[in-house]
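Structure data (mmCIF, N, CA and C atoms and all ligand atoms) from entry.cif:
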data_upload
#
loop_
_atom_site.label_atom_id
_atom_site.label_comp_id
_atom_site.auth_asym_id
_atom_site.auth_seq_id
_atom_site.Cartn_x
_atom_site.Cartn_y
_atom_site.Cartn_z
N MET A 9 43.68 78.79 160.21
CA MET A 9 43.39 78.45 158.81
C MET A 9 44.36 79.20 157.89
N ILE A 10 44.79 78.53 156.86
CA ILE A 10 45.72 79.12 155.89
C ILE A 10 44.94 79.46 154.62
N ALA A 11 44.98 80.72 154.23
CA ALA A 11 44.33 81.15 152.99
C ALA A 11 45.30 80.94 151.84
N ILE A 12 44.84 80.30 150.79
CA ILE A 12 45.74 80.10 149.65
C ILE A 12 45.08 80.61 148.39
N GLY A 13 45.90 81.09 147.46
CA GLY A 13 45.36 81.61 146.21
C GLY A 13 46.45 81.68 145.16
N SER A 14 46.03 81.65 143.92
CA SER A 14 46.99 81.75 142.81
C SER A 14 46.28 82.25 141.57
N ASP A 15 47.07 82.66 140.59
CA ASP A 15 46.53 82.85 139.24
C ASP A 15 46.78 81.55 138.47
N HIS A 16 46.57 81.59 137.15
CA HIS A 16 46.76 80.38 136.34
C HIS A 16 48.22 79.90 136.39
N GLY A 17 49.17 80.85 136.50
CA GLY A 17 50.59 80.49 136.54
C GLY A 17 50.94 79.68 137.77
N GLY A 18 50.15 79.84 138.83
CA GLY A 18 50.43 79.13 140.07
C GLY A 18 49.43 78.02 140.36
N PHE A 19 48.50 77.81 139.42
CA PHE A 19 47.39 76.87 139.68
C PHE A 19 47.88 75.46 140.02
N ALA A 20 48.78 74.91 139.21
CA ALA A 20 49.23 73.52 139.42
C ALA A 20 49.95 73.40 140.77
N LEU A 21 50.77 74.38 141.09
CA LEU A 21 51.49 74.32 142.38
C LEU A 21 50.50 74.47 143.53
N LYS A 22 49.48 75.28 143.35
CA LYS A 22 48.47 75.43 144.41
C LYS A 22 47.79 74.08 144.67
N GLN A 23 47.51 73.33 143.63
CA GLN A 23 46.88 72.02 143.81
C GLN A 23 47.81 71.10 144.62
N GLU A 24 49.10 71.15 144.30
CA GLU A 24 50.08 70.34 145.05
C GLU A 24 50.16 70.79 146.49
N LEU A 25 50.14 72.10 146.68
CA LEU A 25 50.23 72.65 148.04
C LEU A 25 49.02 72.21 148.87
N MET A 26 47.84 72.20 148.26
CA MET A 26 46.64 71.77 149.01
C MET A 26 46.77 70.31 149.45
N ARG A 27 47.25 69.47 148.55
CA ARG A 27 47.45 68.05 148.92
C ARG A 27 48.45 67.94 150.06
N HIS A 28 49.50 68.74 149.97
CA HIS A 28 50.56 68.74 150.98
C HIS A 28 50.01 69.19 152.34
N LEU A 29 49.21 70.22 152.36
CA LEU A 29 48.64 70.71 153.63
C LEU A 29 47.67 69.68 154.19
N GLU A 30 46.89 69.06 153.30
CA GLU A 30 45.95 68.01 153.74
C GLU A 30 46.69 66.87 154.42
N GLN A 31 47.80 66.45 153.81
CA GLN A 31 48.60 65.35 154.38
C GLN A 31 49.07 65.67 155.79
N GLN A 32 49.27 66.96 156.05
CA GLN A 32 49.74 67.37 157.38
C GLN A 32 48.59 67.71 158.32
N GLY A 33 47.37 67.58 157.82
CA GLY A 33 46.20 67.88 158.64
C GLY A 33 46.03 69.36 158.92
N LEU A 34 46.56 70.20 158.05
CA LEU A 34 46.46 71.65 158.25
C LEU A 34 45.23 72.19 157.52
N ALA A 35 44.48 73.03 158.21
CA ALA A 35 43.26 73.60 157.62
C ALA A 35 43.62 74.73 156.67
N TYR A 36 42.97 74.74 155.51
CA TYR A 36 43.21 75.80 154.55
C TYR A 36 41.90 76.13 153.83
N LYS A 37 41.88 77.28 153.18
CA LYS A 37 40.74 77.64 152.34
C LYS A 37 41.31 78.14 151.01
N ASP A 38 40.74 77.66 149.94
CA ASP A 38 41.20 77.99 148.59
C ASP A 38 40.41 79.19 148.06
N TYR A 39 41.11 80.29 147.84
CA TYR A 39 40.45 81.51 147.34
C TYR A 39 40.56 81.62 145.81
N GLY A 40 40.90 80.52 145.15
CA GLY A 40 40.98 80.51 143.69
C GLY A 40 42.39 80.84 143.22
N THR A 41 42.58 80.79 141.96
CA THR A 41 41.68 80.48 140.89
C THR A 41 41.36 78.98 140.90
N TYR A 42 40.26 78.64 140.28
CA TYR A 42 39.80 77.26 140.36
C TYR A 42 40.00 76.47 139.06
N THR A 43 40.55 77.11 138.05
CA THR A 43 40.87 76.41 136.80
C THR A 43 42.23 76.92 136.31
N ALA A 44 42.75 76.25 135.28
CA ALA A 44 44.05 76.66 134.74
C ALA A 44 43.90 77.75 133.67
N ASP A 45 42.68 78.25 133.48
CA ASP A 45 42.45 79.30 132.47
C ASP A 45 43.11 80.60 132.89
N SER A 46 43.53 81.35 131.89
CA SER A 46 44.21 82.63 132.16
C SER A 46 43.32 83.57 132.98
N CYS A 47 43.92 84.19 133.97
CA CYS A 47 43.18 85.09 134.86
C CYS A 47 44.14 86.17 135.38
N ASP A 48 43.64 87.03 136.23
CA ASP A 48 44.41 88.21 136.65
C ASP A 48 44.86 88.07 138.11
N TYR A 49 46.17 88.03 138.30
CA TYR A 49 46.71 87.77 139.65
C TYR A 49 46.30 88.78 140.73
N PRO A 50 46.06 90.09 140.40
CA PRO A 50 45.71 90.99 141.51
C PRO A 50 44.49 90.55 142.30
N ALA A 51 43.52 89.94 141.63
CA ALA A 51 42.28 89.54 142.31
C ALA A 51 42.56 88.51 143.41
N TYR A 52 43.51 87.62 143.17
CA TYR A 52 43.78 86.54 144.13
C TYR A 52 44.71 87.00 145.24
N GLY A 53 45.62 87.92 144.89
CA GLY A 53 46.45 88.53 145.94
C GLY A 53 45.58 89.33 146.89
N GLU A 54 44.61 90.02 146.32
CA GLU A 54 43.69 90.81 147.15
C GLU A 54 42.84 89.89 148.04
N ALA A 55 42.28 88.84 147.46
CA ALA A 55 41.38 87.95 148.22
C ALA A 55 42.10 87.32 149.41
N VAL A 56 43.29 86.82 149.18
CA VAL A 56 44.06 86.20 150.28
C VAL A 56 44.51 87.27 151.26
N GLY A 57 44.94 88.40 150.75
CA GLY A 57 45.36 89.50 151.62
C GLY A 57 44.23 89.95 152.54
N ARG A 58 43.03 90.08 152.00
CA ARG A 58 41.89 90.50 152.83
C ARG A 58 41.54 89.44 153.87
N ALA A 59 41.65 88.18 153.50
CA ALA A 59 41.35 87.10 154.46
C ALA A 59 42.32 87.16 155.64
N VAL A 60 43.58 87.42 155.36
CA VAL A 60 44.58 87.49 156.44
C VAL A 60 44.41 88.78 157.24
N ALA A 61 44.23 89.89 156.55
CA ALA A 61 44.13 91.19 157.24
C ALA A 61 42.90 91.24 158.14
N SER A 62 41.83 90.56 157.76
CA SER A 62 40.59 90.58 158.55
C SER A 62 40.64 89.61 159.73
N GLY A 63 41.62 88.72 159.71
CA GLY A 63 41.72 87.73 160.79
C GLY A 63 40.98 86.44 160.47
N GLU A 64 40.33 86.41 159.30
CA GLU A 64 39.65 85.17 158.89
C GLU A 64 40.66 84.04 158.74
N ALA A 65 41.85 84.38 158.24
CA ALA A 65 42.93 83.40 158.10
C ALA A 65 44.10 83.82 158.96
N ASP A 66 44.87 82.82 159.42
CA ASP A 66 46.06 83.11 160.24
C ASP A 66 47.24 83.49 159.36
N ARG A 67 47.36 82.79 158.26
CA ARG A 67 48.45 83.04 157.32
C ARG A 67 47.91 82.89 155.90
N GLY A 68 48.69 83.38 154.93
CA GLY A 68 48.30 83.21 153.54
C GLY A 68 49.47 82.70 152.72
N ILE A 69 49.15 81.97 151.67
CA ILE A 69 50.16 81.57 150.69
C ILE A 69 49.60 81.88 149.31
N ILE A 70 50.35 82.67 148.55
CA ILE A 70 49.88 83.10 147.23
C ILE A 70 50.93 82.73 146.19
N ILE A 71 50.45 82.38 145.01
CA ILE A 71 51.36 81.87 143.98
C ILE A 71 50.97 82.45 142.62
N CYS A 72 51.96 82.97 141.92
CA CYS A 72 51.76 83.27 140.49
C CYS A 72 53.01 82.80 139.77
N GLY A 73 53.20 83.20 138.52
CA GLY A 73 54.34 82.69 137.75
C GLY A 73 55.66 83.00 138.45
N THR A 74 55.85 84.25 138.78
CA THR A 74 57.09 84.68 139.45
C THR A 74 56.88 84.90 140.94
N GLY A 75 55.65 85.06 141.36
CA GLY A 75 55.35 85.46 142.75
C GLY A 75 55.38 86.96 142.93
N ILE A 76 55.83 87.67 141.91
CA ILE A 76 56.03 89.12 142.06
C ILE A 76 54.70 89.87 142.02
N GLY A 77 53.94 89.66 140.96
CA GLY A 77 52.71 90.43 140.80
C GLY A 77 51.74 90.19 141.95
N ILE A 78 51.59 88.94 142.33
CA ILE A 78 50.60 88.61 143.37
C ILE A 78 51.06 89.11 144.74
N SER A 79 52.38 89.19 144.96
CA SER A 79 52.87 89.73 146.24
C SER A 79 52.68 91.24 146.28
N ILE A 80 52.87 91.90 145.15
CA ILE A 80 52.62 93.35 145.11
C ILE A 80 51.16 93.61 145.43
N ALA A 81 50.28 92.82 144.83
CA ALA A 81 48.84 93.01 145.07
C ALA A 81 48.50 92.81 146.55
N ALA A 82 48.98 91.74 147.14
CA ALA A 82 48.65 91.45 148.55
C ALA A 82 49.18 92.54 149.46
N ASN A 83 50.35 93.07 149.13
CA ASN A 83 50.96 94.10 149.98
C ASN A 83 50.23 95.45 149.92
N LYS A 84 49.30 95.58 148.99
CA LYS A 84 48.48 96.80 148.93
C LYS A 84 47.40 96.79 150.01
N ILE A 85 47.14 95.62 150.58
CA ILE A 85 46.09 95.50 151.60
C ILE A 85 46.69 95.83 152.96
N LYS A 86 46.04 96.77 153.65
CA LYS A 86 46.51 97.21 154.95
C LYS A 86 46.61 96.03 155.92
N GLY A 87 47.76 95.90 156.57
CA GLY A 87 47.95 94.82 157.55
C GLY A 87 48.64 93.60 156.97
N VAL A 88 48.80 93.60 155.64
CA VAL A 88 49.47 92.45 155.02
C VAL A 88 50.97 92.71 154.92
N ARG A 89 51.74 91.71 155.31
CA ARG A 89 53.18 91.71 155.09
C ARG A 89 53.50 90.45 154.29
N ALA A 90 53.48 90.61 152.97
CA ALA A 90 53.71 89.47 152.09
C ALA A 90 55.18 89.42 151.71
N ALA A 91 55.78 88.24 151.84
CA ALA A 91 57.19 88.04 151.51
C ALA A 91 57.32 87.05 150.37
N LEU A 92 57.97 87.50 149.30
CA LEU A 92 58.27 86.63 148.16
C LEU A 92 59.57 85.89 148.50
N CYS A 93 59.49 84.58 148.62
CA CYS A 93 60.66 83.80 149.04
C CYS A 93 61.00 82.73 148.01
N GLY A 94 62.30 82.63 147.72
CA GLY A 94 62.78 81.61 146.79
C GLY A 94 63.71 80.63 147.47
N ASP A 95 63.83 80.74 148.79
CA ASP A 95 64.70 79.82 149.54
C ASP A 95 64.19 79.73 150.98
N CYS A 96 64.63 78.67 151.67
CA CYS A 96 64.13 78.43 153.03
C CYS A 96 64.66 79.44 154.04
N TYR A 97 65.88 79.91 153.83
CA TYR A 97 66.45 80.90 154.76
C TYR A 97 65.58 82.16 154.75
N SER A 98 65.23 82.63 153.56
CA SER A 98 64.38 83.84 153.47
C SER A 98 63.03 83.59 154.12
N ALA A 99 62.47 82.40 153.91
CA ALA A 99 61.16 82.10 154.51
C ALA A 99 61.25 82.10 156.03
N GLU A 100 62.33 81.55 156.56
CA GLU A 100 62.51 81.53 158.01
C GLU A 100 62.66 82.95 158.55
N MET A 101 63.48 83.76 157.89
CA MET A 101 63.71 85.12 158.38
C MET A 101 62.49 86.02 158.17
N ALA A 102 61.74 85.74 157.13
CA ALA A 102 60.50 86.52 156.89
C ALA A 102 59.55 86.37 158.08
N ARG A 103 59.56 85.20 158.69
CA ARG A 103 58.74 84.97 159.88
C ARG A 103 59.44 85.50 161.13
N ARG A 104 60.71 85.13 161.33
CA ARG A 104 61.41 85.49 162.58
C ARG A 104 61.58 86.99 162.73
N HIS A 105 61.94 87.66 161.66
CA HIS A 105 62.26 89.09 161.77
C HIS A 105 61.15 90.02 161.27
N ASN A 106 60.43 89.60 160.24
CA ASN A 106 59.46 90.50 159.61
C ASN A 106 58.02 90.18 159.98
N ASP A 107 57.81 89.10 160.69
CA ASP A 107 56.46 88.65 161.01
C ASP A 107 55.57 88.65 159.76
N ALA A 108 56.15 88.20 158.66
CA ALA A 108 55.38 88.13 157.41
C ALA A 108 54.16 87.24 157.63
N ASN A 109 53.01 87.71 157.18
CA ASN A 109 51.80 86.90 157.36
C ASN A 109 51.31 86.26 156.06
N VAL A 110 51.97 86.59 154.98
CA VAL A 110 51.65 85.97 153.69
C VAL A 110 52.97 85.59 153.00
N LEU A 111 53.01 84.37 152.49
CA LEU A 111 54.15 83.88 151.71
C LEU A 111 53.78 83.90 150.23
N ALA A 112 54.65 84.48 149.40
CA ALA A 112 54.44 84.45 147.96
C ALA A 112 55.48 83.54 147.32
N LEU A 113 55.03 82.72 146.38
CA LEU A 113 55.90 81.78 145.69
C LEU A 113 55.79 81.97 144.17
N GLY A 114 56.89 81.75 143.47
CA GLY A 114 56.90 81.82 142.01
C GLY A 114 56.93 80.42 141.44
N ALA A 115 55.81 80.00 140.87
CA ALA A 115 55.70 78.62 140.40
C ALA A 115 56.57 78.35 139.17
N ARG A 116 56.89 79.41 138.41
CA ARG A 116 57.73 79.22 137.22
C ARG A 116 59.21 79.40 137.55
N VAL A 117 59.48 79.68 138.81
CA VAL A 117 60.86 79.91 139.26
C VAL A 117 61.36 78.71 140.06
N LEU A 118 60.46 78.15 140.87
CA LEU A 118 60.83 77.10 141.82
C LEU A 118 60.31 75.75 141.37
N GLY A 119 61.06 74.70 141.65
CA GLY A 119 60.52 73.35 141.52
C GLY A 119 59.54 73.12 142.65
N PRO A 120 58.61 72.18 142.46
CA PRO A 120 57.60 71.95 143.49
C PRO A 120 58.17 71.47 144.82
N GLY A 121 59.25 70.70 144.78
CA GLY A 121 59.84 70.20 146.03
C GLY A 121 60.34 71.34 146.89
N LEU A 122 61.07 72.26 146.29
CA LEU A 122 61.59 73.40 147.04
C LEU A 122 60.44 74.31 147.49
N ALA A 123 59.48 74.51 146.61
CA ALA A 123 58.35 75.40 146.95
C ALA A 123 57.63 74.89 148.20
N LEU A 124 57.40 73.58 148.28
CA LEU A 124 56.69 73.02 149.46
C LEU A 124 57.55 73.11 150.71
N LYS A 125 58.84 72.95 150.56
CA LYS A 125 59.77 73.06 151.69
C LYS A 125 59.78 74.51 152.21
N ILE A 126 59.74 75.46 151.30
CA ILE A 126 59.68 76.87 151.69
C ILE A 126 58.38 77.13 152.45
N ALA A 127 57.29 76.57 151.96
CA ALA A 127 56.00 76.75 152.64
C ALA A 127 56.04 76.13 154.04
N ASP A 128 56.62 74.95 154.16
CA ASP A 128 56.74 74.29 155.48
C ASP A 128 57.55 75.16 156.43
N THR A 129 58.64 75.71 155.94
CA THR A 129 59.51 76.56 156.77
C THR A 129 58.74 77.78 157.23
N PHE A 130 58.04 78.41 156.31
CA PHE A 130 57.26 79.61 156.63
C PHE A 130 56.20 79.31 157.69
N LEU A 131 55.49 78.21 157.49
CA LEU A 131 54.39 77.88 158.41
C LEU A 131 54.90 77.39 159.76
N GLY A 132 56.12 76.88 159.79
CA GLY A 132 56.64 76.30 161.02
C GLY A 132 57.53 77.22 161.83
N THR A 133 57.63 78.47 161.44
CA THR A 133 58.53 79.40 162.12
C THR A 133 57.75 80.53 162.79
N GLU A 134 58.13 80.85 164.02
CA GLU A 134 57.45 81.92 164.78
C GLU A 134 58.22 83.23 164.70
N PHE A 135 57.52 84.31 164.95
CA PHE A 135 58.10 85.65 165.02
C PHE A 135 58.92 85.76 166.30
N GLU A 136 60.09 86.38 166.20
CA GLU A 136 60.97 86.51 167.36
C GLU A 136 60.56 87.63 168.30
N GLY A 137 59.89 88.64 167.77
CA GLY A 137 59.52 89.79 168.61
C GLY A 137 60.74 90.62 168.97
N GLY A 138 60.75 91.16 170.20
CA GLY A 138 61.90 91.96 170.65
C GLY A 138 62.10 93.17 169.76
N ARG A 139 63.32 93.43 169.37
CA ARG A 139 63.62 94.62 168.55
C ARG A 139 62.89 94.57 167.21
N HIS A 140 62.57 93.37 166.76
CA HIS A 140 61.88 93.25 165.47
C HIS A 140 60.43 93.73 165.55
N ALA A 141 59.86 93.66 166.74
CA ALA A 141 58.47 94.12 166.92
C ALA A 141 58.39 95.63 166.65
N ARG A 142 59.42 96.36 167.10
CA ARG A 142 59.44 97.81 166.86
C ARG A 142 59.48 98.10 165.34
N ARG A 143 60.26 97.34 164.63
CA ARG A 143 60.40 97.56 163.18
C ARG A 143 59.13 97.17 162.44
N VAL A 144 58.52 96.10 162.88
CA VAL A 144 57.26 95.69 162.24
C VAL A 144 56.18 96.73 162.54
N ALA A 145 56.19 97.29 163.75
CA ALA A 145 55.23 98.36 164.09
C ALA A 145 55.46 99.57 163.19
N MET A 146 56.72 99.84 162.86
CA MET A 146 57.02 100.96 161.95
C MET A 146 56.47 100.71 160.56
N LEU A 147 56.45 99.45 160.15
CA LEU A 147 55.84 99.12 158.85
C LEU A 147 54.35 99.46 158.87
N GLY A 148 53.70 99.12 159.98
CA GLY A 148 52.28 99.44 160.12
C GLY A 148 52.04 100.93 160.14
N GLU A 149 52.97 101.65 160.77
CA GLU A 149 52.89 103.11 160.83
C GLU A 149 52.91 103.73 159.43
N LEU A 150 53.70 103.14 158.55
CA LEU A 150 53.78 103.64 157.17
C LEU A 150 52.42 103.62 156.48
N GLU A 151 51.61 102.64 156.88
CA GLU A 151 50.28 102.50 156.25
C GLU A 151 49.33 103.62 156.66
N THR A 152 49.65 104.30 157.75
CA THR A 152 48.75 105.36 158.24
C THR A 152 49.10 106.71 157.63
N ARG A 153 50.21 106.77 156.89
CA ARG A 153 50.63 108.06 156.32
C ARG A 153 50.10 108.22 154.90
N GLU A 154 49.91 109.46 154.53
CA GLU A 154 49.43 109.73 153.16
C GLU A 154 50.60 109.87 152.21
N GLY A 155 50.39 109.51 150.98
CA GLY A 155 51.41 109.74 149.95
C GLY A 155 52.53 108.73 149.97
C1 LIG B 201 51.05 85.44 134.14
O1 LIG B 201 51.46 85.16 132.85
C2 LIG B 201 52.19 86.05 134.93
O2 LIG B 201 52.42 87.35 134.50
C3 LIG B 201 51.87 86.02 136.41
O3 LIG B 201 51.65 84.71 136.81
C4 LIG B 201 52.93 86.56 137.34
O4 LIG B 201 54.18 85.99 137.09
C5 LIG B 201 52.97 88.02 137.48
O5 LIG B 201 53.73 88.59 138.29
#
Take the structure in the file and write it out as structure tokens.
Amino acid sequence: MIAIGSDHGGFALKQELMRHLEQQGLAYKDYGTYTADSCDYPAYGEAVGRAVASGEADRGIIICGTGIGISIAANKIKGVRAALCGDCYSAEMARRHNDANVLALGARVLGPGLALKIADTFLGTEFEGGRHARRVAMLGELETREG
């Protein structure tokens, strides 16, 4: 299952993304926001981040105006590796090398066509493992340290 969430800045793109996932028969759960009214992106980055970190969701996609604020929020959750991507190459490498489990998109930065293509790339690419597994483990290690 793919957890998706956005603030008001990403609301319209989230609606398009849901239609797109439905067309592909991919299961998703919408963690809000549920209207275009102004709201606070940290809440939605947290909700999707927790769904992925707990194993409730396999992957997450989060959207705000730039993708920046909501990716910062999601990355505060232990176990989340959220990657803000503005191109397909970054989305592919975020999966292959970083084992990113959450994709962040900027709805005011990207056109919807590119944004959906980036999401497809992210969802369709596997982690390479090997030497990258050691580096990803080091990222997890950072979460266990204080300060
Ligand atoms: C909301 O206006 C905007 O600040 C938000 O969507 C996002 O871009 C923050 O990083």
(message) Around ligand LIG 201 (chain B), out to 8 Å and counting only N, CA and C atoms and all ligand atoms, which residues are there? I want them as a list of chain:residue names.
(response)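 Here is the list of contacting residues: A:Ser14, A:Asp15, A:His16, A:Gly17, A:Gly18, A:Ser46, A:Cys47, A:Asp48, A:Tyr49, A:Pro50, A:Ile71, A:Cys72, A:Gly73, A:Thr74, A:Gly75, A:Ile76, A:Gly77, A:Ile78, A:Ser79, A:Ile80, A:Gly114, A:Ala115, A:Arg116.
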Requested write-out: N, CA and C atoms of the selected residues, as a compact mmCIF listing (two decimals), in the coordinates of the input:
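As a result, again-v3.txt now contains:
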# COMPACT_ATOMS: atom_id res chain seq x y z
N SER A 14 46.03 81.65 143.92
CA SER A 14 46.99 81.75 142.81
C SER A 14 46.28 82.25 141.57
N ASP A 15 47.07 82.66 140.59
CA ASP A 15 46.53 82.85 139.24
C ASP A 15 46.78 81.55 138.47
N HIS A 16 46.57 81.59 137.15
CA HIS A 16 46.76 80.38 136.34
C HIS A 16 48.22 79.90 136.39
N GLY A 17 49.17 80.85 136.50
CA GLY A 17 50.59 80.49 136.54
C GLY A 17 50.94 79.68 137.77
N GLY A 18 50.15 79.84 138.83
CA GLY A 18 50.43 79.13 140.07
C GLY A 18 49.43 78.02 140.36
N SER A 46 43.53 81.35 131.89
CA SER A 46 44.21 82.63 132.16
C SER A 46 43.32 83.57 132.98
N CYS A 47 43.92 84.19 133.97
CA CYS A 47 43.18 85.09 134.86
C CYS A 47 44.14 86.17 135.38
N ASP A 48 43.64 87.03 136.23
CA ASP A 48 44.41 88.21 136.65
C ASP A 48 44.86 88.07 138.11
N TYR A 49 46.17 88.03 138.30
CA TYR A 49 46.71 87.77 139.65
C TYR A 49 46.30 88.78 140.73
N PRO A 50 46.06 90.09 140.40
CA PRO A 50 45.71 90.99 141.51
C PRO A 50 44.49 90.55 142.30
N ILE A 71 50.45 82.38 145.01
CA ILE A 71 51.36 81.87 143.98
C ILE A 71 50.97 82.45 142.62
N CYS A 72 51.96 82.97 141.92
CA CYS A 72 51.76 83.27 140.49
C CYS A 72 53.01 82.80 139.77
N GLY A 73 53.20 83.20 138.52
CA GLY A 73 54.34 82.69 137.75
C GLY A 73 55.66 83.00 138.45
N THR A 74 55.85 84.25 138.78
CA THR A 74 57.09 84.68 139.45
C THR A 74 56.88 84.90 140.94
N GLY A 75 55.65 85.06 141.36
CA GLY A 75 55.35 85.46 142.75
C GLY A 75 55.38 86.96 142.93
N ILE A 76 55.83 87.67 141.91
CA ILE A 76 56.03 89.12 142.06
C ILE A 76 54.70 89.87 142.02
N GLY A 77 53.94 89.66 140.96
CA GLY A 77 52.71 90.43 140.80
C GLY A 77 51.74 90.19 141.95
N ILE A 78 51.59 88.94 142.33
CA ILE A 78 50.60 88.61 143.37
C ILE A 78 51.06 89.11 144.74
N SER A 79 52.38 89.19 144.96
CA SER A 79 52.87 89.73 146.24
C SER A 79 52.68 91.24 146.28
N ILE A 80 52.87 91.90 145.15
CA ILE A 80 52.62 93.35 145.11
C ILE A 80 51.16 93.61 145.43
N GLY A 114 56.89 81.75 143.47
CA GLY A 114 56.90 81.82 142.01
C GLY A 114 56.93 80.42 141.44
N ALA A 115 55.81 80.00 140.87
CA ALA A 115 55.70 78.62 140.40
C ALA A 115 56.57 78.35 139.17
N ARG A 116 56.89 79.41 138.41
CA ARG A 116 57.73 79.22 137.22
C ARG A 116 59.21 79.40 137.55
(request) Could you tell me which of A:Arg153, A:His28, A:Arg104, A:Lys84 comes closest to A:Gly132 if we count only C-alpha atoms? (result) A:Arg104
(message) Please compute the atom CA of A:Ala108-atom CA of A:Ile70 distance, one decimal, in Å.
(response) 12.6 Å
(message) Need to verify the contact set: A:Gly68, 7 Å, only C-alpha atoms, exclusion of same-chain residues closer than 6 positions in sequence. Can you return it as a PyMOL selection string?
(response) chain A and resi 10-12+56+60+109-111
(request) Rounded to one decimal place, report the atom CA of A:Asp95-atom C of A:Leu124 distance in Å. (result)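 Atom C of A:Leu124 lies at a distance of 9.9 Å from atom CA of A:Asp95.
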(message) Can you tell me, as a PyMOL selection string, which residues in chain A count as helix (DSSP H, G or I) by DSSP?
(response) chain A and resi 16-31+49-61+76-83+96-104+120-131+139-150
List every residue of chain A that DSSP, applied to the backbone, labels as strand (DSSP E or B), and write the result as a CSV table (one decimal) with N, CA and C atoms, in the coordinates of the input.
chain,number,residue,atom,x,y,z
A,10,ILE,N,44.8,78.5,156.9
A,10,ILE,CA,45.7,79.1,155.9
A,10,ILE,C,44.9,79.5,154.6
A,11,ALA,N,45.0,80.7,154.2
A,11,ALA,CA,44.3,81.2,153.0
A,11,ALA,C,45.3,80.9,151.8
A,12,ILE,N,44.8,80.3,150.8
A,12,ILE,CA,45.7,80.1,149.6
A,12,ILE,C,45.1,80.6,148.4
A,13,GLY,N,45.9,81.1,147.5
A,13,GLY,CA,45.4,81.6,146.2
A,13,GLY,C,46.4,81.7,145.2
A,14,SER,N,46.0,81.6,143.9
A,14,SER,CA,47.0,81.8,142.8
A,14,SER,C,46.3,82.2,141.6
A,36,TYR,N,43.0,74.7,155.5
A,36,TYR,CA,43.2,75.8,154.6
A,36,TYR,C,41.9,76.1,153.8
A,37,LYS,N,41.9,77.3,153.2
A,37,LYS,CA,40.7,77.6,152.3
A,37,LYS,C,41.3,78.1,151.0
A,38,ASP,N,40.7,77.7,149.9
A,38,ASP,CA,41.2,78.0,148.6
A,38,ASP,C,40.4,79.2,148.1
A,67,ARG,N,47.4,82.8,158.3
A,67,ARG,CA,48.4,83.0,157.3
A,67,ARG,C,47.9,82.9,155.9
A,68,GLY,N,48.7,83.4,154.9
A,68,GLY,CA,48.3,83.2,153.5
A,68,GLY,C,49.5,82.7,152.7
A,69,ILE,N,49.2,82.0,151.7
A,69,ILE,CA,50.2,81.6,150.7
A,69,ILE,C,49.6,81.9,149.3
A,70,ILE,N,50.4,82.7,148.6
A,70,ILE,CA,49.9,83.1,147.2
A,70,ILE,C,50.9,82.7,146.2
A,71,ILE,N,50.4,82.4,145.0
A,71,ILE,CA,51.4,81.9,144.0
A,71,ILE,C,51.0,82.4,142.6
A,72,CYS,N,52.0,83.0,141.9
A,72,CYS,CA,51.8,83.3,140.5
A,72,CYS,C,53.0,82.8,139.8
A,90,ALA,N,53.5,90.6,153.0
A,90,ALA,CA,53.7,89.5,152.1
A,90,ALA,C,55.2,89.4,151.7
A,91,ALA,N,55.8,88.2,151.8
A,91,ALA,CA,57.2,88.0,151.5
A,91,ALA,C,57.3,87.0,150.4
A,92,LEU,N,58.0,87.5,149.3
A,92,LEU,CA,58.3,86.6,148.2
A,92,LEU,C,59.6,85.9,148.5
A,110,VAL,N,52.0,86.6,155.0
A,110,VAL,CA,51.6,86.0,153.7
A,110,VAL,C,53.0,85.6,153.0
A,111,LEU,N,53.0,84.4,152.5
A,111,LEU,CA,54.2,83.9,151.7
A,111,LEU,C,53.8,83.9,150.2
A,112,ALA,N,54.6,84.5,149.4
A,112,ALA,CA,54.4,84.4,148.0
A,112,ALA,C,55.5,83.5,147.3
A,113,LEU,N,55.0,82.7,146.4
A,113,LEU,CA,55.9,81.8,145.7
A,113,LEU,C,55.8,82.0,144.2
A,114,GLY,N,56.9,81.8,143.5
A,114,GLY,CA,56.9,81.8,142.0
A,114,GLY,C,56.9,80.4,141.4
(request) Go through A:Ala82, A:Ala61, A:Leu131, A:Leu21 and flag the residue nearest A:Ala99, using all atoms listed in the file for the distances. (result) A:Leu131
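Nearest residue to A:Glu136, choosing from A:Ala81, A:Arg103, A:Gln32, A:Glu54 and counting all atoms listed in the file: A:Arg103.
Interatomic distance, atom CA of A:Glu151 against atom CA of A:Lys22: 29.6 Å.
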(request) Rank A:Gly137, A:Gly155, A:Gly57, A:Gly94 by their smallest atom-to-atom distance to A:Lys125, using only C-alpha atoms, and report the top residue only. (result)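 So, comparing all the options, the nearest one is A:Gly94.
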(message) Under the rule that only N, CA and C atoms are counted, which of A:Pro120, A:Thr133, A:Ala90, A:Met9 is the nearest residue to A:Ala65?
(response)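 So, comparing all the options, the nearest one is A:Met9.
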Enclose stretch 65-71 of chain A, meaning all of its atoms listed in the file, in a box aligned along x, y and z, pad it by 3 Å on each side, and list the centre and edge lengths in Å to one decimal, as lines of an AutoDock Vina configuration file.
center_x = 46.6
center_y = 83.0
center_z = 151.4
size_x = 15.5
size_y = 8.8
size_z = 23.6
